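Novice: My questions all concern the structure below.
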Amino acid sequence: MKKVLMMAACAVLVTGVVANAGDVALSLVGPVGPQAPGTATLEVKALVTPTAGEGGLALFGFDLDVPAGVPLASNQATTTLTSFVKNEGLTNPAGFGGTLSGATTLLQIGGGQNTINYTGTSPAYPTGTVVAGVGLTEVTVATIVLDTSALANGDHVFQISNGFANLIDPASQPSAPPYTVSAANMLAGTPTYTLTIGVTPTDITIVDNVKSWKDHGTSVNWTGTKLGLSIPLAPQTRAPIETREGSVTELTFDTAPIGIDPLTLDPSKVTICGHVNTPPAPATATVSGTTVTLTWAAGAIPNGYNQASQHDHYTVVISDTVKSADGGDLTGDRDFDFAASFGNVRPDGVLGNWQNVNANDLSRLIDNYTTTPTAAQATQYDIRITGPANKGKINANDRSWLTSSYSTVGLIQAAPVCP
Ligand SMILES: [Ca+2]
Ligand SMILES: [Ca+2]
């Protein structure tokens, strides 16, 4: 089936006068930017160079490969160059649109003009009038309307290959046909076009908000599994502080207005850094709806217990390589900082209280002694929580550890900037 056009192309090697043929470049173009599924119109363009002394295209052909899922059975390649289409011109038996080969390939789309000046009736072709100069300026030689409704969001590559062409020998033209032709030198062997299916990507914004802060160990008095932060987050004029034994094990971020693509988020996409310590990346980074949850193993983020010099200030950054559900960028405030300052139960706006653990913290702790703390009290004052004698009780055991964490050297520094 495919041999007709190729034989026509080769015939010139034995019957025609082979001149110094020019170059022919084929290109494949289509819609630019993301496209909705449905149909896509691709065009194959041809340009003959150099133009001086050339008579234009006598014949052309190429193969087309499409992605799986794009049906080709209806053979949709057409052209406005009617002198290349049977019966004016010569094509493969399947026609100008090519011959289906497998599910994703059309062979030898194209045709040739009646350069032999055939006038017979059997066969009934080619009988047209040759149009000279085709391709001396770039011309669309084929238009292909493709059904893209089955393609998923993402990039899909279309390719043409095995292009061939004959050029009218200028020495035989513009006198009346028959014209001699010669094989062209084909440039750019396998032009491709990438179709992007999908809506225009929407950027998403990280809302600077930690929603939860996981508590530590088995609860004996707290009914919930998570406790809030010790400083209100809005307005966030100071970093939230973990005042308690143990360490931060979970942070959750809000995103808006749409969700993150979970395939683009993993622990390697999160950076955490501190002034003193360098904690590891999260153990897990997961997405549920518009919530991002980061978790660390207990103790992975040091909280400076009983080591005043180890009190630290951390910054967590979510990488901008994380994408929205439809491929948009991650924008907004992608970082969040918090302090780990053991026993710093009074971190109010007075500078000494914010930065130091001292007698002011101790007096505040004593004011909250209780064996039935509220969640708010437990969040801030139940600083020693290991074992039933400590957890859920704010008492002298918390006091002894708080005083061992005394420091007046300015514990809380500015939020570190991650490299
Ligand atoms: Ca303090
Ligand atoms: Ca306690």
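Scheme for the structure tokens: letters A, B, ... for chains in order shown; per-chain residue numbers from 1; ligand numbers from 1 in order shown.
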For Tyr125 (chain A), find every residue with an atom within 9 Å (counting only C-alpha atoms), except residues of its own chain fewer than 6 positions away, and show them as a ChimeraX atom specification.
Specialist: /A:86-90,114,118-119
Novice: Generate the output file for the selected residues, C-alpha atoms, as a short mmCIF file (atom, residue, chain, number, x, y, z; two decimals), in the first residue's frame.
Specialist:
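What landed in out-v8.cif:
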```cif
data_model
loop_
_atom_site.label_atom_id
_atom_site.label_comp_id
_atom_site.auth_asym_id
_atom_site.auth_seq_id
_atom_site.Cartn_x
_atom_site.Cartn_y
_atom_site.Cartn_z
CA LYS A 86 -6.21 11.90 -6.47
CA ASN A 87 -7.57 12.23 -9.17
CA GLU A 88 -5.78 15.49 -9.95
CA GLY A 89 -2.70 14.02 -8.38
CA LEU A 90 -1.34 10.68 -7.27
CA ASN A 114 0.77 15.18 -12.50
CA TYR A 118 -0.79 11.96 -17.93
CA THR A 119 -4.03 12.35 -19.87
#
```
Novice: Got a sec to check which residues lie within 12 Å of ligand 1, using only C-alpha atoms and all ligand atoms, and send them as a ChimeraX atom specification?
Specialist: /A:230,241-243,340-365,380-381,402-403,405-412
Novice: Please tabulate, as JSON lines, the residues of chain A that come within 8 Å of ligand 2, each with its closest pair of atoms and the distance in Å to one decimal, counting only C-alpha atoms and all ligand atoms and ordering rows by chain, then residue number upward.
Specialist:
```
{"residue": "A:Tyr381", "atom": "CA", "partner": "ligand 2", "partner_atom_place_in_ligand_line": "1 (Ca)", "distance": 7.5}
{"residue": "A:Asp382", "atom": "CA", "partner": "ligand 2", "partner_atom_place_in_ligand_line": "1 (Ca)", "distance": 4.2}
{"residue": "A:Ile383", "atom": "CA", "partner": "ligand 2", "partner_atom_place_in_ligand_line": "1 (Ca)", "distance": 5.4}
{"residue": "A:Arg384", "atom": "CA", "partner": "ligand 2", "partner_atom_place_in_ligand_line": "1 (Ca)", "distance": 4.1}
{"residue": "A:Ile385", "atom": "CA", "partner": "ligand 2", "partner_atom_place_in_ligand_line": "1 (Ca)", "distance": 4.7}
{"residue": "A:Thr386", "atom": "CA", "partner": "ligand 2", "partner_atom_place_in_ligand_line": "1 (Ca)", "distance": 7.7}
{"residue": "A:Ala389", "atom": "CA", "partner": "ligand 2", "partner_atom_place_in_ligand_line": "1 (Ca)", "distance": 7.5}
{"residue": "A:Asn390", "atom": "CA", "partner": "ligand 2", "partner_atom_place_in_ligand_line": "1 (Ca)", "distance": 3.9}
{"residue": "A:Lys391", "atom": "CA", "partner": "ligand 2", "partner_atom_place_in_ligand_line": "1 (Ca)", "distance": 4.7}
{"residue": "A:Gly392", "atom": "CA", "partner": "ligand 2", "partner_atom_place_in_ligand_line": "1 (Ca)", "distance": 5.8}
{"residue": "A:Lys393", "atom": "CA", "partner": "ligand 2", "partner_atom_place_in_ligand_line": "1 (Ca)", "distance": 4.5}
{"residue": "A:Ile394", "atom": "CA", "partner": "ligand 2", "partner_atom_place_in_ligand_line": "1 (Ca)", "distance": 4.5}
{"residue": "A:Asn395", "atom": "CA", "partner": "ligand 2", "partner_atom_place_in_ligand_line": "1 (Ca)", "distance": 6.1}
{"residue": "A:Asn397", "atom": "CA", "partner": "ligand 2", "partner_atom_place_in_ligand_line": "1 (Ca)", "distance": 6.4}
{"residue": "A:Asp398", "atom": "CA", "partner": "ligand 2", "partner_atom_place_in_ligand_line": "1 (Ca)", "distance": 5.1}
```
Novice: Within 6 Å of Leu136 (chain A), counting only C-alpha atoms, which residues qualify if same-chain residues fewer than 2 places away don't, as a PDB file with C-alpha atoms, in the first residue's frame?
Specialist:
```pdb
ATOM      1  CA  VAL A  48      11.881  24.662  -0.028  1.00  0.00           C
ATOM      2  CA  THR A  51      14.255  29.225  -3.649  1.00  0.00           C
ATOM      3  CA  GLY A 133       6.355  27.000  -7.040  1.00  0.00           C
ATOM      4  CA  VAL A 134       4.660  25.116  -4.192  1.00  0.00           C
TER       5      VAL A 134
END
```
Novice: Show which residues sit within 6 Å of region 245-250 of chain A, as number ranges by chain. Count only C-alpha atoms, and ignore same-chain residues fewer than 5 positions away.
Specialist: A: 213-214, 294-299, 301, 303, 383-384
Novice: Nearest to Val32 (chain A) among A:Asp155, A:Asp147, A:Asp329, A:Asp367, with distances taken over only C-alpha atoms: which residue is it?
Specialist: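 Among the listed residues, the smallest separation from Val32 (chain A) belongs to A:Asp155.
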Novice: So which residues touch Pro267 (chain A) within 7 Å, counting only C-alpha atoms, skipping near sequence neighbours fewer than 5 positions away, as a ChimeraX atom specification?
Specialist: /A:281-285
Novice: Report, in Å to a single decimal, how far apart CA of Asp65 (chain A) and CA of Val139 (chain A) are.
Specialist: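 So the two atoms, CA of Val139 (chain A) and CA of Asp65 (chain A), lie 21.1 Å apart.
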Novice: Quick one: everything within 8 Å of Pro279 (chain A), counting only C-alpha atoms, minus sequence neighbours fewer than 2 positions away in the same chain. Send it as a list in words.
Specialist: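 Here the qualifying residues turn out to be Ile272, Cys273, Gly274, Asn277, Ala281, Ala300, Ile301 and Pro302 of chain A.
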Novice: Check the DSSP output for the backbone and give back, as a JSON list (two decimals) with C-alpha atoms, in the first residue's frame, the residues of region 53-85 of chain A in strand (DSSP E or B).
Specialist:
```
[["chain", "number", "residue", "atom", "x", "y", "z"],
["A", 57, "LEU", "CA", 7.23, 20.58, -4.82],
["A", 58, "ALA", "CA", 6.30, 17.84, -7.24],
["A", 59, "LEU", "CA", 5.53, 15.27, -4.56],
["A", 60, "PHE", "CA", 5.79, 14.89, -0.80],
["A", 61, "GLY", "CA", 5.04, 12.32, 1.87],
["A", 62, "PHE", "CA", 5.65, 11.64, 5.55],
["A", 63, "ASP", "CA", 4.53, 9.35, 8.36],
["A", 64, "LEU", "CA", 2.65, 10.55, 11.44],
["A", 65, "ASP", "CA", 2.85, 8.99, 14.90],
["A", 77, "ALA", "CA", -5.29, 14.35, 6.99],
["A", 78, "THR", "CA", -6.40, 16.74, 4.27]]
```
Novice: For Ala73 (chain A), which residue out of A:Ser101, A:Gly53, A:Ser172, A:Thr91 is the nearest one, using only C-alpha atoms?
Specialist: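 Closest to Ala73 (chain A) of all the choices is A:Ser101.
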Novice: To one decimal in Å, tell me the separation between CA of Ala52 (chain A) and CA of Asn162 (chain A).
Specialist: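 Between CA of Ala52 (chain A) and CA of Asn162 (chain A) the gap works out to 25.7 Å.
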Novice: Excluding Ser324 (chain A) and any residue of its chain fewer than 6 positions from it, enumerate the residues within 7 Å of it, using only C-alpha atoms, and give them as a list of chain:residue names.
Specialist: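 The residues that qualify are A:Thr202, A:Asp203, A:Ile204, A:Gly259, A:Ile260, A:Asp261, A:Leu330.
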Novice: Between A:Leu42, A:Leu72, A:Ala184, A:Leu47, which has the minimum distance to Glu138 (chain A) (counting only C-alpha atoms)?
Specialist: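 Among A:Leu42, A:Leu72, A:Ala184, A:Leu47, it is A:Leu47 that comes nearest to Glu138 (chain A).
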Novice: Between CA of Thr148 (chain A) and CA of Ala40 (chain A), what is the distance in Å, rounded to a tenth?
Specialist: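 We find that CA of Thr148 (chain A) and CA of Ala40 (chain A) lie 6.5 Å from each other.
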Novice: Given the choices A:Arg334, A:Ser404, A:Thr271, A:Gly198, which gets closest to Thr255 (chain A) if the distance is worked out from only C-alpha atoms?
Specialist: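 Among the listed residues, the smallest separation from Thr255 (chain A) belongs to A:Arg334.
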Novice: Using only C-alpha atoms, which of A:Val24, A:Ile197, A:Leu107, A:Leu227 sits nearest Gly38 (chain A)?
Specialist: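 Closest to Gly38 (chain A) of all the choices is A:Ile197.
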